[in-house]
Amino acid sequence: MKLDPSLCILCRGRGWCGLAYCPAIARARATLRIRRSVSSKVIEGSTPPSVFVGRIGYPYVRIGPATPPLMGDTSVFDFPEMWINRKIEDILEYRWSLITGIKIANVKKPEDRLIEELRLLAMSSKPVDIELALKKPPRPFMTFSEQEPPQGPRSPLANMKVIGNPSIPRPVEKVYDDTDLPAFDAVVSLYESGLPVSYIQKIFSTGAFGIKKQRRLVPTRWSITAVDSVLCKKLIKEIKEYNPLNEILVFRYRVHENLFIAILYPAKWSYEWMEAWWPGSTWNPGLDNVVIEGDYEDYHGRTSYPSIGGCYYASMLATLEYLKRIKRQATAILLREIYPGFKIPVGVWFVRESVRAMFNSPPVLKTDSLDEVLEFLEKETKLRSNRWFSSSVLLRRIRFTRPIDEFLKKD
């Protein structure tokens, strides 16, 4: 984005521009870190580990390892579960510092030497020392996506040397070696072993799961949503065995110019995710009005991919984790307001970890009255209750649909 130099001089990182981060600080810190490396064709560092699989040109896609020019514990550079309480400029610095070596590969032939090495790196639970020989110095730029974390400098890869030894947990070895285990079951098995979702997504993208003849490289952004949706299917099946809540629970969480609200209503499982983008925010840079988008599903689920994208499953996963924790099912309505200070897409991890953080705090409201919920929305949201109510399918359904037992009582 274009900065106002005069404002930057006066502000000096104190947030006067209204953004959720300081672009000048983020750029300066990352540039200092990679200055020596961007003039070199040999990069030595500890990969977090970080592995990239592109999607452009599918099935012939760009793949490669990424590392900062640092040795030691670099886990945080590619570990979204650690980012939610950190400043946006810290996260941008991590991603700007990761230098990726790129080669072209056929996703349907995931057995050459480089892919095998990338797979071993992805399966490591600890950073691994590597050396990247690049064909030319990396170009210092960053790309952004609503699905995956920002991607830093890259350059064509001549050769990769793995210096350290990958540390692969036994559950990962087990599902990798089991060539008769479907990918769905492999993902669920690792999740139930307590391994981080982002770690599973990374391994999934390298084609390490599934029946042997069906294993394929999966573009990074696709693997993120694929793993989220697999885990949602598994958890939905589990929480449907629980009784519904006996009262309405409302949660709230504010972070980086975003407001998240969850309404858990005592009924059978259904789900709705809605986003309101203010003018000047990431996906609404030029319009003069707030844009509201959303998708929902009833008890029997969806038959098509949600138009709102991967955030739908990322937020659902965090919601289902909470319901499993309290052993209840509910109709869940999640609302998100994105304000003008939030101007860059950082990936769906941000939604998943924000919703997780929201559910790690007690509910801000417990009630039996939908009217009290609407009063809460009127007070706490900028969009106000009428706009949210008129835009939400499930809120209107709750308001205007009478349970069958009410009719039975009258008879």
# chains A, B, ... in the order shown; residues from 1 in each chain; ligands from 1
>>> closest_atom_pairs(of="stretch 309-360 of chain A", to="stretch 391-400 of chain A", cutoff="9 Å", atoms="only C-alpha atoms", output="JSON lines")
{"residue": "A:Thr331", "atom": "CA", "partner": "A:Leu394", "partner_atom": "CA", "distance": 8.2}
{"residue": "A:Ala332", "atom": "CA", "partner": "A:Leu394", "partner_atom": "CA", "distance": 8.7}
{"residue": "A:Ile333", "atom": "CA", "partner": "A:Leu394", "partner_atom": "CA", "distance": 7.2}
>>> residues_around(residues="stretch 165-176 of chain A", least_positions_apart="6", cutoff="8 Å", atoms="only C-alpha atoms", output="VMD selection string")
chain A and resid 120 to 121 123 to 129 186 189 to 190 193 208 to 209
>>> select_by_dssp(residues="stretch 181-359 of chain A", states="strand (DSSP E)", output="PyMOL selection string")
chain A and resi 248-255+258-265+270-277+291-297+331-338
>>> closest_atom_pairs(of="stretch 230-253 of chain A", to="stretch 361-369 of chain A", cutoff="12 Å", atoms="only C-alpha atoms", output="CSV")
residue,atom,partner,partner_atom,distance
A:Leu245,CA,A:Asp368,CA,10.8
A:Asn246,CA,A:Asp368,CA,8.4
A:Glu247,CA,A:Asp368,CA,5.4
A:Ile248,CA,A:Thr367,CA,5.2
A:Leu249,CA,A:Lys366,CA,4.9
A:Val250,CA,A:Leu365,CA,5.0
A:Phe251,CA,A:Pro363,CA,4.7
A:Arg252,CA,A:Val364,CA,6.8
A:Tyr253,CA,A:Ser361,CA,8.8
>>> write_last_selection(atoms="N, CA, C and O atoms", output="compact mmCIF listing (two decimals), in the first residue's frame")
# COMPACT_ATOMS: atom_id res chain seq x y z
N LEU A 245 -27.66 -27.47 23.40
CA LEU A 245 -27.52 -26.55 24.54
C LEU A 245 -28.88 -26.31 25.18
O LEU A 245 -29.93 -26.46 24.53
N ASN A 246 -28.88 -25.88 26.44
CA ASN A 246 -30.16 -25.55 27.10
C ASN A 246 -30.37 -24.05 27.25
O ASN A 246 -31.32 -23.60 27.89
N GLU A 247 -29.47 -23.25 26.65
CA GLU A 247 -29.62 -21.79 26.64
C GLU A 247 -28.79 -21.21 25.52
O GLU A 247 -27.94 -21.88 24.94
N ILE A 248 -29.03 -19.96 25.18
CA ILE A 248 -28.26 -19.28 24.15
C ILE A 248 -26.95 -18.77 24.75
O ILE A 248 -26.94 -18.14 25.82
N LEU A 249 -25.85 -19.05 24.07
CA LEU A 249 -24.54 -18.55 24.47
C LEU A 249 -24.02 -17.59 23.40
O LEU A 249 -24.09 -17.90 22.21
N VAL A 250 -23.51 -16.44 23.85
CA VAL A 250 -22.96 -15.45 22.91
C VAL A 250 -21.51 -15.16 23.31
O VAL A 250 -21.22 -14.92 24.48
N PHE A 251 -20.61 -15.19 22.30
CA PHE A 251 -19.19 -14.93 22.52
C PHE A 251 -18.77 -13.74 21.67
O PHE A 251 -19.37 -13.45 20.63
N ARG A 252 -17.69 -13.07 22.11
CA ARG A 252 -17.21 -11.89 21.38
C ARG A 252 -15.68 -11.86 21.45
O ARG A 252 -15.09 -12.21 22.47
N TYR A 253 -15.05 -11.42 20.34
CA TYR A 253 -13.59 -11.32 20.33
C TYR A 253 -13.18 -10.21 19.36
O TYR A 253 -13.66 -10.15 18.23
>>> residues_around(residues="A:Gly101", least_positions_apart="6", cutoff="10 Å", atoms="only C-alpha atoms", output="count of residues only")
22
>>> closest_residue(among="A:Arg221, A:Trp269, A:Ala330, A:Ser97", to="A:Gly45", atoms="only C-alpha atoms")
A:Ser97
>>> residues_around(residues="A:Ser281", least_positions_apart="4", cutoff="8 Å", atoms="only C-alpha atoms", output="NGL selection string")
:A and (277 or 285 or 338-344)
